>>> print(open('structure.pdb').read())   # PDB, C-alpha atoms
ATOM      1  CA  MET A 936      52.870 148.778 -95.762
ATOM      2  CA  GLU A 937      54.957 145.817 -96.669
ATOM      3  CA  ILE A 938      57.841 145.008 -98.943
ATOM      4  CA  ARG A 939      57.044 142.685-101.830
ATOM      5  CA  PRO A 940      59.853 140.117-102.325
ATOM      6  CA  GLU A 941      60.172 140.910-106.037
ATOM      7  CA  ILE A 942      60.581 144.637-105.250
ATOM      8  CA  ALA A 943      63.232 143.873-102.589
ATOM      9  CA  LEU A 944      65.139 141.734-105.131
ATOM     10  CA  LEU A 945      64.856 144.457-107.769
ATOM     11  CA  VAL A 946      66.170 147.117-105.352
ATOM     12  CA  LEU A 947      69.087 144.858-104.342
ATOM     13  CA  GLY A 948      69.977 144.180-107.994
ATOM     14  CA  CYS A 949      69.878 147.880-108.855
ATOM     15  CA  ALA A 950      71.862 148.756-105.712
ATOM     16  CA  LEU A 951      74.568 146.209-106.590
ATOM     17  CA  VAL A 952      75.131 147.508-110.142
ATOM     18  CA  THR A 953      75.099 151.064-108.748
ATOM     19  CA  ALA A 954      77.567 150.324-105.934
ATOM     20  CA  LEU A 955      80.209 148.710-108.181
ATOM     21  CA  PRO A 956      81.066 151.781-110.314
ATOM     22  CA  ARG A 957      80.799 154.004-107.218
ATOM     23  CA  VAL A 958      83.167 151.924-105.090
ATOM     24  CA  LEU A 959      85.649 150.171-107.413
ATOM     25  CA  PRO A 960      87.663 153.172-108.695
ATOM     26  CA  LEU A 961      88.002 154.612-105.175
ATOM     27  CA  VAL A 962      89.216 151.272-103.800
ATOM     28  CA  LEU A 963      91.529 150.482-106.709
ATOM     29  CA  LEU A 964      92.689 154.133-106.711
ATOM     30  CA  ALA A 965      95.105 155.020-109.469
ATOM     31  CA  ARG A 966      95.524 151.375-110.492
ATOM     32  CA  LEU A 967      92.310 151.663-112.521
ATOM     33  CA  GLU A 968      92.941 154.087-115.361
ATOM     34  CA  LEU A 969      90.101 154.232-117.901
ATOM     35  CA  ALA A 970      91.056 154.624-121.555
ATOM     36  CA  ALA A 971      90.268 158.121-122.866
ATOM     37  CA  PRO A 972      87.643 157.032-125.451
ATOM     38  CA  LEU A 973      85.789 154.969-122.825
ATOM     39  CA  ARG A 974      85.840 157.928-120.424
ATOM     40  CA  GLN A 975      84.453 160.181-123.135
ATOM     41  CA  TRP A 976      81.771 157.612-124.105
ATOM     42  CA  LEU A 977      80.666 157.351-120.471
ATOM     43  CA  GLY A 978      80.376 161.134-120.363
ATOM     44  CA  TYR A 979      77.638 161.013-123.017
ATOM     45  CA  VAL A 980      75.660 158.219-121.338
ATOM     46  CA  PRO A 981      73.613 160.412-118.934
ATOM     47  CA  VAL A 982      72.426 162.731-121.738
ATOM     48  CA  ALA A 983      71.555 159.714-123.919
ATOM     49  CA  VAL A 984      69.628 157.866-121.178
ATOM     50  CA  LEU A 985      67.755 160.961-120.034
ATOM     51  CA  THR A 986      66.759 161.896-123.608
ATOM     52  CA  ALA A 987      65.502 158.364-124.296
ATOM     53  CA  LEU A 988      63.480 158.310-121.062
ATOM     54  CA  LEU A 989      62.038 161.778-121.666
ATOM     55  CA  SER A 990      61.035 160.878-125.257
ATOM     56  CA  LEU A 991      59.186 157.735-124.134
ATOM     57  CA  GLU A 992      57.457 159.573-121.253
ATOM     58  CA  LEU A 993      56.273 162.279-123.659
ATOM     59  CA  LEU A 994      55.104 159.647-126.170
ATOM     60  CA  GLY A 995      52.916 158.273-123.360
ATOM     61  CA  ALA A 996      51.735 161.679-122.138
ATOM     62  CA  GLY A 997      50.647 162.837-125.609
ATOM     63  CA  ALA A 998      50.342 166.353-127.037
ATOM     64  CA  GLY A 999      49.585 167.903-123.627
ATOM     65  CA  GLY A1000      52.861 166.515-122.284
ATOM     66  CA  VAL A1001      54.869 167.870-125.211
ATOM     67  CA  LEU A1002      53.328 171.346-124.729
ATOM     68  CA  ALA A1003      53.824 171.349-120.942
ATOM     69  CA  ILE A1004      57.459 170.251-121.148
ATOM     70  CA  ILE A1005      58.393 173.430-123.085
ATOM     71  CA  PRO A1006      58.046 175.832-120.099
ATOM     72  CA  ALA A1007      59.739 173.195-117.898
ATOM     73  CA  LEU A1008      62.767 173.086-120.226
ATOM     74  CA  MET A1009      62.906 176.895-120.296
ATOM     75  CA  ILE A1010      62.802 177.118-116.498
ATOM     76  CA  ALA A1011      65.507 174.432-116.261
ATOM     77  CA  ALA A1012      67.801 176.350-118.623
ATOM     78  CA  LEU A1013      67.164 179.664-116.816
ATOM     79  CA  THR A1014      67.250 178.609-113.149
ATOM     80  CA  GLU A1015      69.153 175.264-113.215
ATOM     81  CA  SER A1016      66.798 174.299-110.355
ATOM     82  CA  LEU A1017      65.198 170.845-110.548
ATOM     83  CA  LEU A1018      62.535 171.830-108.027
ATOM     84  CA  ALA A1019      61.456 174.917-110.027
ATOM     85  CA  THR A1020      61.461 172.821-113.225
ATOM     86  CA  VAL A1021      59.148 170.199-111.722
ATOM     87  CA  VAL A1022      56.787 172.737-110.135
ATOM     88  CA  ILE A1023      56.401 174.764-113.358
ATOM     89  CA  GLY A1024      56.084 171.650-115.545
ATOM     90  CA  VAL A1025      53.414 170.008-113.398
ATOM     91  CA  MET A1026      51.489 173.297-113.070
ATOM     92  CA  ALA A1027      51.597 173.761-116.855
ATOM     93  CA  TYR A1028      50.378 170.177-117.386
ATOM     94  CA  ALA A1029      47.578 170.623-114.819
ATOM     95  CA  MET A1030      46.375 173.951-116.278
ATOM     96  CA  LEU A1031      46.529 172.880-119.945
ATOM     97  CA  PRO A1032      42.943 171.459-120.144
ATOM     98  CA  PHE A1033      41.597 174.850-118.966
ATOM     99  CA  LEU A1034      43.630 176.801-121.512
ATOM    100  CA  ILE A1035      42.731 174.907-124.696
TER     101      ILE A1035
ATOM    102  CA  MET B  52      89.401 178.204 -91.698
ATOM    103  CA  SER B  53      89.138 174.634 -92.842
ATOM    104  CA  ASP B  54      87.280 172.150 -90.656
ATOM    105  CA  ASP B  55      88.157 168.561 -91.567
ATOM    106  CA  SER B  56      85.816 167.028 -88.946
ATOM    107  CA  PHE B  57      82.613 165.011 -89.440
ATOM    108  CA  ALA B  58      80.609 168.057 -88.260
ATOM    109  CA  GLY B  59      82.398 170.205 -90.849
ATOM    110  CA  GLY B  60      81.251 167.796 -93.564
ATOM    111  CA  VAL B  61      77.658 167.956 -92.287
ATOM    112  CA  ARG B  62      77.769 171.767 -92.478
ATOM    113  CA  ALA B  63      79.234 171.654 -96.002
ATOM    114  CA  ALA B  64      76.277 169.468 -97.057
ATOM    115  CA  LEU B  65      73.728 172.299 -96.643
ATOM    116  CA  PRO B  66      73.269 173.111-100.362
ATOM    117  CA  VAL B  67      72.910 169.387-101.125
ATOM    118  CA  VAL B  68      70.417 168.984 -98.246
ATOM    119  CA  LEU B  69      68.241 171.822 -99.594
ATOM    120  CA  GLY B  70      68.316 170.387-103.108
ATOM    121  CA  TYR B  71      67.550 166.841-101.928
ATOM    122  CA  LEU B  72      64.528 168.016 -99.921
ATOM    123  CA  GLY B  73      62.913 169.243-103.139
ATOM    124  CA  ILE B  74      63.926 166.399-105.469
ATOM    125  CA  GLY B  75      63.360 163.740-102.767
ATOM    126  CA  ILE B  76      59.800 164.901-102.131
ATOM    127  CA  ALA B  77      59.116 164.810-105.887
ATOM    128  CA  ALA B  78      60.639 161.310-106.038
ATOM    129  CA  GLY B  79      58.454 160.118-103.139
ATOM    130  CA  VAL B  80      55.313 161.466-104.809
ATOM    131  CA  VAL B  81      56.107 159.693-108.078
ATOM    132  CA  GLU B  82      57.114 156.440-106.348
ATOM    133  CA  ARG B  83      53.841 156.407-104.397
ATOM    134  CA  ALA B  84      51.898 157.117-107.599
ATOM    135  CA  ALA B  85      53.620 154.108-109.200
ATOM    136  CA  GLY B  86      52.189 151.865-106.476
ATOM    137  CA  LEU B  87      55.196 151.445-104.167
ATOM    138  CA  SER B  88      54.490 151.160-100.416
ATOM    139  CA  ASN B  89      56.117 153.464 -97.844
ATOM    140  CA  ALA B  90      58.414 150.634 -96.719
ATOM    141  CA  GLU B  91      59.450 149.955-100.327
ATOM    142  CA  ILE B  92      60.119 153.663-100.877
ATOM    143  CA  LEU B  93      62.300 153.759 -97.752
ATOM    144  CA  LEU B  94      64.183 150.655 -98.960
ATOM    145  CA  LEU B  95      64.640 152.130-102.431
ATOM    146  CA  SER B  96      65.902 155.519-101.206
ATOM    147  CA  MET B  97      68.230 154.102 -98.519
ATOM    148  CA  VAL B  98      69.679 151.101-100.397
ATOM    149  CA  LEU B  99      69.737 152.301-104.022
ATOM    150  CA  TYR B 100      70.157 155.997-103.067
ATOM    151  CA  ALA B 101      70.382 157.401-106.587
ATOM    152  CA  GLY B 102      67.884 160.033-107.687
ATOM    153  CA  SER B 103      67.811 159.526-111.450
ATOM    154  CA  ALA B 104      68.021 155.708-111.065
ATOM    155  CA  GLN B 105      65.011 155.768-108.712
ATOM    156  CA  PHE B 106      63.045 157.717-111.324
ATOM    157  CA  VAL B 107      64.061 155.123-113.923
ATOM    158  CA  VAL B 108      62.986 152.228-111.678
ATOM    159  CA  THR B 109      59.656 153.950-111.003
ATOM    160  CA  SER B 110      59.076 154.758-114.665
ATOM    161  CA  MET B 111      59.977 151.251-115.891
ATOM    162  CA  LEU B 112      57.919 149.587-113.118
ATOM    163  CA  SER B 113      54.831 151.450-114.273
ATOM    164  CA  LEU B 114      55.622 150.360-117.860
ATOM    165  CA  ALA B 115      55.696 146.764-116.464
ATOM    166  CA  SER B 116      59.285 146.209-117.639
ATOM    167  CA  PRO B 117      60.948 142.920-116.571
ATOM    168  CA  ALA B 118      63.415 143.218-113.669
ATOM    169  CA  PRO B 119      66.583 142.327-115.640
ATOM    170  CA  ALA B 120      65.877 145.158-118.104
ATOM    171  CA  ILE B 121      65.414 147.612-115.208
ATOM    172  CA  VAL B 122      68.658 146.496-113.539
ATOM    173  CA  PHE B 123      70.577 146.770-116.824
ATOM    174  CA  THR B 124      69.224 150.272-117.519
ATOM    175  CA  VAL B 125      70.167 151.384-113.991
ATOM    176  CA  PHE B 126      73.620 149.885-114.559
ATOM    177  CA  LEU B 127      74.095 151.918-117.766
ATOM    178  CA  LEU B 128      72.748 155.059-116.120
ATOM    179  CA  ASN B 129      75.040 154.776-113.089
ATOM    180  CA  LEU B 130      78.178 153.774-115.006
ATOM    181  CA  ARG B 131      78.998 157.484-115.000
ATOM    182  CA  HIS B 132      79.872 157.161-111.302
ATOM    183  CA  LEU B 133      83.061 155.434-112.492
ATOM    184  CA  LEU B 134      84.210 158.868-113.621
ATOM    185  CA  LEU B 135      83.310 160.629-110.359
ATOM    186  CA  SER B 136      84.803 157.900-108.182
ATOM    187  CA  ALA B 137      87.996 157.836-110.246
ATOM    188  CA  ALA B 138      88.238 161.632-110.010
ATOM    189  CA  LEU B 139      87.993 161.592-106.192
ATOM    190  CA  ALA B 140      90.468 158.717-105.782
ATOM    191  CA  PRO B 141      93.687 160.779-105.863
ATOM    192  CA  ALA B 142      92.417 163.003-103.012
ATOM    193  CA  LEU B 143      91.699 159.931-100.839
ATOM    194  CA  ARG B 144      94.939 158.065-101.534
ATOM    195  CA  GLY B 145      96.433 156.386 -98.460
ATOM    196  CA  VAL B 146      92.999 155.977 -96.828
ATOM    197  CA  ALA B 147      92.106 152.385 -95.811
ATOM    198  CA  ALA B 148      90.334 150.509 -98.630
ATOM    199  CA  TRP B 149      87.279 149.696 -96.483
ATOM    200  CA  LYS B 150      86.850 153.382 -95.630
ATOM    201  CA  ASN B 151      87.058 154.354 -99.299
ATOM    202  CA  ALA B 152      84.521 151.613-100.114
ATOM    203  CA  LEU B 153      82.039 153.052 -97.585
ATOM    204  CA  LEU B 154      82.634 156.615 -98.841
ATOM    205  CA  GLY B 155      82.192 155.503-102.468
ATOM    206  CA  LEU B 156      78.941 153.690-101.675
ATOM    207  CA  GLN B 157      77.257 157.040-100.968
ATOM    208  CA  LEU B 158      78.796 158.965-103.844
ATOM    209  CA  THR B 159      76.288 161.052-105.833
ATOM    210  CA  ASP B 160      76.565 163.736-108.502
ATOM    211  CA  GLU B 161      75.767 166.409-105.923
ATOM    212  CA  THR B 162      78.087 165.273-103.111
ATOM    213  CA  PHE B 163      80.818 164.874-105.749
ATOM    214  CA  VAL B 164      80.418 168.525-106.754
ATOM    215  CA  VAL B 165      80.800 169.650-103.113
ATOM    216  CA  ALA B 166      83.700 167.262-102.389
ATOM    217  CA  SER B 167      85.629 168.006-105.561
ATOM    218  CA  ALA B 168      85.876 171.672-104.523
ATOM    219  CA  ARG B 169      87.740 170.656-101.357
ATOM    220  CA  ARG B 170      91.422 169.768-101.025
ATOM    221  CA  PRO B 171      92.738 168.112 -98.922
ATOM    222  CA  LEU B 172      89.824 165.745 -98.406
ATOM    223  CA  SER B 173      89.485 164.022 -95.028
ATOM    224  CA  PRO B 174      87.498 160.760 -94.700
ATOM    225  CA  ALA B 175      85.639 162.084 -91.611
ATOM    226  CA  TRP B 176      84.575 165.259 -93.466
ATOM    227  CA  MET B 177      83.427 163.208 -96.476
ATOM    228  CA  ALA B 178      81.488 160.847 -94.163
ATOM    229  CA  GLY B 179      79.678 163.850 -92.621
ATOM    230  CA  LEU B 180      78.778 165.195 -96.068
ATOM    231  CA  ASN B 181      77.616 161.741 -97.237
ATOM    232  CA  LEU B 182      75.494 160.876 -94.195
ATOM    233  CA  ALA B 183      73.776 164.293 -94.078
ATOM    234  CA  ALA B 184      72.852 164.004 -97.762
ATOM    235  CA  TRP B 185      71.763 160.341 -97.414
ATOM    236  CA  ALA B 186      69.537 160.941 -94.348
ATOM    237  CA  THR B 187      67.906 163.959 -96.028
ATOM    238  CA  TRP B 188      67.242 161.963 -99.196
ATOM    239  CA  ALA B 189      65.494 159.112 -97.342
ATOM    240  CA  ALA B 190      63.430 161.501 -95.189
ATOM    241  CA  ALA B 191      62.394 163.584 -98.217
ATOM    242  CA  ASN B 192      61.312 160.452-100.148
ATOM    243  CA  LEU B 193      59.076 159.418 -97.233
ATOM    244  CA  LEU B 194      57.694 162.950 -96.920
ATOM    245  CA  GLY B 195      56.794 162.922-100.616
ATOM    246  CA  ALA B 196      55.100 159.546-100.220
ATOM    247  CA  ALA B 197      53.000 160.946 -97.354
ATOM    248  CA  PHE B 198      52.087 164.040 -99.434
ATOM    249  CA  SER B 199      51.111 161.903-102.386
ATOM    250  CA  GLY B 200      48.396 160.128-100.407
ATOM    251  CA  ALA B 201      46.776 163.475 -99.621
ATOM    252  CA  ALA B 202      47.125 164.830-103.161
ATOM    253  CA  GLY B 203      44.501 164.364-105.842
ATOM    254  CA  ASP B 204      45.147 163.461-109.485
ATOM    255  CA  SER B 205      48.125 161.086-109.620
ATOM    256  CA  ARG B 206      48.247 161.376-113.429
ATOM    257  CA  VAL B 207      49.079 165.078-113.092
ATOM    258  CA  LEU B 208      51.581 164.421-110.290
ATOM    259  CA  ALA B 209      53.233 161.689-112.352
ATOM    260  CA  PHE B 210      54.120 164.382-114.881
ATOM    261  CA  ALA B 211      56.803 165.348-112.318
ATOM    262  CA  LEU B 212      58.757 162.438-113.802
ATOM    263  CA  PRO B 213      59.288 163.758-117.365
ATOM    264  CA  CYS B 214      59.861 167.214-115.830
ATOM    265  CA  MET B 215      62.633 165.777-113.670
ATOM    266  CA  PHE B 216      64.198 164.065-116.703
ATOM    267  CA  ALA B 217      63.999 167.361-118.610
ATOM    268  CA  GLY B 218      65.672 169.250-115.747
ATOM    269  CA  LEU B 219      68.438 166.664-115.314
ATOM    270  CA  LEU B 220      68.950 166.624-119.103
ATOM    271  CA  VAL B 221      69.421 170.410-119.248
ATOM    272  CA  LEU B 222      71.906 170.241-116.337
ATOM    273  CA  GLN B 223      73.839 167.384-117.996
ATOM    274  CA  MET B 224      73.937 169.191-121.377
ATOM    275  CA  LYS B 225      75.538 172.216-119.724
ATOM    276  CA  GLY B 226      78.313 169.942-118.471
ATOM    277  CA  ILE B 227      79.297 168.690-121.950
ATOM    278  CA  ALA B 228      82.108 170.644-123.585
ATOM    279  CA  SER B 229      81.107 169.960-127.202
ATOM    280  CA  GLY B 230      77.682 171.385-128.014
ATOM    281  CA  ALA B 231      77.628 169.504-131.328
ATOM    282  CA  ALA B 232      78.272 166.138-129.636
ATOM    283  CA  ALA B 233      75.550 166.834-127.058
ATOM    284  CA  ALA B 234      73.112 167.746-129.858
ATOM    285  CA  VAL B 235      73.973 164.510-131.711
ATOM    286  CA  ALA B 236      73.409 162.507-128.494
ATOM    287  CA  VAL B 237      69.974 164.095-127.958
ATOM    288  CA  ALA B 238      68.888 163.700-131.603
ATOM    289  CA  VAL B 239      70.006 160.053-131.899
ATOM    290  CA  ALA B 240      68.650 159.077-128.458
ATOM    291  CA  ALA B 241      65.221 160.616-129.121
ATOM    292  CA  GLY B 242      65.044 159.225-132.678
ATOM    293  CA  VAL B 243      66.119 155.683-131.790
ATOM    294  CA  ALA B 244      63.984 155.546-128.620
ATOM    295  CA  LEU B 245      60.808 156.693-130.399
ATOM    296  CA  ALA B 246      61.382 154.559-133.513
ATOM    297  CA  THR B 247      62.138 151.451-131.428
ATOM    298  CA  GLN B 248      59.142 152.036-129.154
ATOM    299  CA  VAL B 249      56.818 152.316-132.167
ATOM    300  CA  LEU B 250      58.258 149.392-134.169
ATOM    301  CA  TRP B 251      59.354 147.051-131.347
ATOM    302  CA  PRO B 252      57.943 148.273-127.998
ATOM    303  CA  GLY B 253      59.785 147.283-124.837
ATOM    304  CA  PRO B 254      62.588 148.192-122.458
ATOM    305  CA  GLN B 255      65.222 147.559-125.148
ATOM    306  CA  ALA B 256      64.228 150.948-126.593
ATOM    307  CA  ILE B 257      66.046 152.763-123.768
ATOM    308  CA  VAL B 258      69.152 150.553-123.835
ATOM    309  CA  LEU B 259      69.437 150.629-127.646
ATOM    310  CA  ALA B 260      68.946 154.410-127.757
ATOM    311  CA  THR B 261      71.562 154.970-125.030
ATOM    312  CA  VAL B 262      74.298 152.813-126.564
ATOM    313  CA  LEU B 263      73.763 154.188-130.094
ATOM    314  CA  ALA B 264      73.459 157.825-128.965
ATOM    315  CA  ALA B 265      76.587 157.774-126.758
ATOM    316  CA  SER B 266      78.547 156.103-129.577
ATOM    317  CA  ALA B 267      77.276 158.613-132.168
ATOM    318  CA  ALA B 268      78.188 161.517-129.867
ATOM    319  CA  LEU B 269      81.678 160.093-129.361
ATOM    320  CA  LEU B 270      82.138 159.719-133.144
ATOM    321  CA  ALA B 271      80.877 163.280-133.701
ATOM    322  CA  ALA B 272      83.268 164.708-131.106
ATOM    323  CA  ARG B 273      86.237 162.755-132.539
ATOM    324  CA  TRP B 274      85.375 163.625-136.150
ATOM    325  CA  LYS B 275      85.097 167.308-135.255
ATOM    326  CA  SER B 276      88.370 167.410-133.320
ATOM    327  CA  GLY B 277      90.090 165.367-136.061
ATOM    328  CA  ARG B 278      89.269 168.004-138.689
ATOM    329  CA  LYS B 279      90.932 170.814-136.758
TER     330      LYS B 279
END
>>> encode(input="structure.pdb", output="structure tokens")
Amino acid sequence: MEIRPEIALLVLGCALVTALPRVLPLVLLARLELAAPLRQWLGYVPVAVLTALLSLELLGAGAGGVLAIIPALMIAALTESLLATVVIGVMAYAMLPFLI
Amino acid sequence: MSDDSFAGGVRAALPVVLGYLGIGIAAGVVERAAGLSNAEILLLSMVLYAGSAQFVVTSMLSLASPAPAIVFTVFLLNLRHLLLSAALAPALRGVAAWKNALLGLQLTDETFVVASARRPLSPAWMAGLNLAAWATWAAANLLGAAFSGAAGDSRVLAFALPCMFAGLLVLQMKGIASGAAAAVAVAVAAGVALATQVLWPGPQAIVLATVLAASAALLAARWKSGRK
């Protein structure tokens, strides 16, 4: 149970770029006013990143992954619960080989 | 009755605590499956303390992405905190800068939702909310890591990762006012990511897809509102 130096460095780098946008606006208060188009662009970033990540994960997981993600998406839309989404998705993925 | 104390903030954190138990355990399982040690998982969850970013780090580590690409992707992903932090700033005006810096350090999507429903906002109350959520997150990550060792097929457990992305995506889509812009973002991001990964595999697929998809969504939203 040890910490590899390259992992520690990676975590520090990620933490630094995460801390800056969390802290700067609160410290600079109203002096930092983002332009409206930039604010709107930033609003689309989470959807874009998550879609890209999901697409690549499914590309790696293959047809079984694409099939199993369908019930997960439905549960997410219905319950808005991340826990329920993960449980249903993983169960669907685990049971798939027995179903087909 | 409003309770502006630290303890009041801890009590207000209950829904976040319950949510973080579930997501944190899933995160710990996936992090363990990606080969991170318990100490590394504790470091990651306490120092980075960002659910979706931790899933990105885990996912990109198992794809053997170089560190600068991982840091840049996390940067893009967490840029959205600019919006949350800026939105909380007016409620914490007049508070010492170092206190606001500490409060901002532990800002998450979930604590923002709880805090933005509360006016006036006291620093002690916010600190209680933040620390309760933070401690739960770290403990849940470790719990998940412990579970993962006892569990069987890590390939099946690792499917928790795309499921988490799918769940977060659905939640984020519901928060976007323009359905057309959100649809454009999803279509462009998926198309560019898959095409790039097939033609030119590497971490640039995620960055390229994100920048192009957010820009396309912005254009779509502006074009649509311009026609009205």
>>> resolve_selection(input="structure.pdb", expression="the PyMOL selection byres ((chain A and resi 948-953) around 7)", output="PyMOL selection string")
(chain A and resi 944-947+954-957) or (chain B and resi 98-99+122+125-126+129)
>>> write_last_selection(input="structure.pdb", atoms="C-alpha atoms", output="PDB file, in the coordinates of the input")
ATOM      1  CA  LEU A 944      65.139 141.734-105.131  1.00  0.00           C
ATOM      2  CA  LEU A 945      64.856 144.457-107.769  1.00  0.00           C
ATOM      3  CA  VAL A 946      66.170 147.117-105.352  1.00  0.00           C
ATOM      4  CA  LEU A 947      69.087 144.858-104.342  1.00  0.00           C
ATOM      5  CA  ALA A 954      77.567 150.324-105.934  1.00  0.00           C
ATOM      6  CA  LEU A 955      80.209 148.710-108.181  1.00  0.00           C
ATOM      7  CA  PRO A 956      81.066 151.781-110.314  1.00  0.00           C
ATOM      8  CA  ARG A 957      80.799 154.004-107.218  1.00  0.00           C
TER       9      ARG A 957
ATOM     10  CA  VAL B  98      69.679 151.101-100.397  1.00  0.00           C
ATOM     11  CA  LEU B  99      69.737 152.301-104.022  1.00  0.00           C
ATOM     12  CA  VAL B 122      68.658 146.496-113.539  1.00  0.00           C
ATOM     13  CA  VAL B 125      70.167 151.384-113.991  1.00  0.00           C
ATOM     14  CA  PHE B 126      73.620 149.885-114.559  1.00  0.00           C
ATOM     15  CA  ASN B 129      75.040 154.776-113.089  1.00  0.00           C
TER      16      ASN B 129
END
>>> residues_around(input="structure.pdb", residues="segment 232-239 of chain B", least_positions_apart="6", cutoff="10 Å", atoms="only C-alpha atoms", output="mmCIF file with C-alpha atoms, keeping the file's coordinate frame")
data_model
loop_
_atom_site.group_PDB
_atom_site.id
_atom_site.type_symbol
_atom_site.label_atom_id
_atom_site.label_comp_id
_atom_site.auth_asym_id
_atom_site.auth_seq_id
_atom_site.Cartn_x
_atom_site.Cartn_y
_atom_site.Cartn_z
ATOM 1 C CA TYR A 979 77.638 161.013 -123.017
ATOM 2 C CA VAL A 980 75.660 158.219 -121.338
ATOM 3 C CA PRO A 981 73.613 160.412 -118.934
ATOM 4 C CA VAL A 982 72.426 162.731 -121.738
ATOM 5 C CA ALA A 983 71.555 159.714 -123.919
ATOM 6 C CA VAL A 984 69.628 157.866 -121.178
ATOM 7 C CA LEU A 985 67.755 160.961 -120.034
ATOM 8 C CA THR A 986 66.759 161.896 -123.608
ATOM 9 C CA ALA A 987 65.502 158.364 -124.296
ATOM 10 C CA SER A 990 61.035 160.878 -125.257
ATOM 11 C CA LEU B 220 68.950 166.624 -119.103
ATOM 12 C CA GLN B 223 73.839 167.384 -117.996
ATOM 13 C CA MET B 224 73.937 169.191 -121.377
ATOM 14 C CA LYS B 225 75.538 172.216 -119.724
ATOM 15 C CA GLY B 226 78.313 169.942 -118.471
ATOM 16 C CA LEU B 245 60.808 156.693 -130.399
ATOM 17 C CA ALA B 260 68.946 154.410 -127.757
ATOM 18 C CA THR B 261 71.562 154.970 -125.030
ATOM 19 C CA VAL B 262 74.298 152.813 -126.564
ATOM 20 C CA LEU B 263 73.763 154.188 -130.094
ATOM 21 C CA ALA B 264 73.459 157.825 -128.965
ATOM 22 C CA ALA B 265 76.587 157.774 -126.758
ATOM 23 C CA SER B 266 78.547 156.103 -129.577
ATOM 24 C CA ALA B 267 77.276 158.613 -132.168
ATOM 25 C CA ALA B 268 78.188 161.517 -129.867
ATOM 26 C CA LEU B 269 81.678 160.093 -129.361
ATOM 27 C CA LEU B 270 82.138 159.719 -133.144
ATOM 28 C CA ALA B 271 80.877 163.280 -133.701
ATOM 29 C CA ALA B 272 83.268 164.708 -131.106
ATOM 30 C CA ARG B 273 86.237 162.755 -132.539
ATOM 31 C CA TRP B 274 85.375 163.625 -136.150
ATOM 32 C CA LYS B 275 85.097 167.308 -135.255
#
>>> closest_residue(input="structure.pdb", among="B:Leu130, B:Cys214, B:Leu180, B:Ala256", to="Leu1002 of chain A", atoms="only C-alpha atoms")
B:Cys214
>>> resolve_selection(input="structure.pdb", expression="the PyMOL selection byres ((chain B and resi 71) around 10)", output="list in words")
Leu1017 and Leu1018 of chain A; Leu65, Pro66, Val67, Val68, Leu69, Gly70, Leu72, Gly73, Ile74, Gly75, Ile76, Ala77, Ala78, Gly102, Glu161, Ala184, Trp185, Ala186, Thr187, Trp188, Ala189, Ala190, Ala191 and Asn192 of chain B
>>> atom_distance(input="structure.pdb", atom1="atom CA of Gly155 of chain B", atom2="atom CA of Pro117 of chain B")
28.4 Å
>>> residues_around(input="structure.pdb", residues="Leu1008 of chain A", least_positions_apart="3", cutoff="8 Å", atoms="only C-alpha atoms", output="list in words")
Ile1004, Ile1005, Ala1011, Ala1012 and Thr1020 of chain A; Cys214, Ala217, Gly218 and Val221 of chain B
>>> resolve_selection(input="structure.pdb", expression="the PyMOL selection byres ((chain B and resi 109) around 10)", output="PyMOL selection string")
chain B and resi 78+81-87+103-108+110-115+121+212
>>> closest_residue(input="structure.pdb", among="A:Pro960, A:Tyr1028, A:Ala943, A:Leu993", to="Arg144 of chain B", atoms="all atoms listed in the file")
A:Pro960
>>> build_atoms(input="structure.pdb", residues="segment 988-997 of chain A", atoms="N, CA and C atoms", output="tab-separated table (two decimals), keeping the file's coordinate frame")
chain	number	residue	atom	x	y	z
A	988	LEU	N	64.57	158.41	-122.05
A	988	LEU	CA	63.48	158.31	-121.06
A	988	LEU	C	62.45	159.41	-121.26
A	989	LEU	N	62.95	160.64	-121.48
A	989	LEU	CA	62.04	161.78	-121.67
A	989	LEU	C	61.18	161.57	-122.91
A	990	SER	N	61.79	161.10	-124.01
A	990	SER	CA	61.04	160.88	-125.26
A	990	SER	C	59.91	159.88	-125.04
A	991	LEU	N	60.21	158.77	-124.34
A	991	LEU	CA	59.19	157.74	-124.13
A	991	LEU	C	58.08	158.24	-123.20
A	992	GLU	N	58.46	159.01	-122.16
A	992	GLU	CA	57.46	159.57	-121.25
A	992	GLU	C	56.51	160.49	-122.02
A	993	LEU	N	57.09	161.32	-122.91
A	993	LEU	CA	56.27	162.28	-123.66
A	993	LEU	C	55.39	161.56	-124.68
A	994	LEU	N	55.91	160.47	-125.25
A	994	LEU	CA	55.10	159.65	-126.17
A	994	LEU	C	53.86	159.15	-125.44
A	995	GLY	N	54.04	158.76	-124.16
A	995	GLY	CA	52.92	158.27	-123.36
A	995	GLY	C	51.98	159.39	-122.92
A	996	ALA	N	52.53	160.57	-122.66
A	996	ALA	CA	51.74	161.68	-122.14
A	996	ALA	C	50.96	162.40	-123.24
A	997	GLY	N	51.38	162.24	-124.50
A	997	GLY	CA	50.65	162.84	-125.61
A	997	GLY	C	50.95	164.31	-125.84
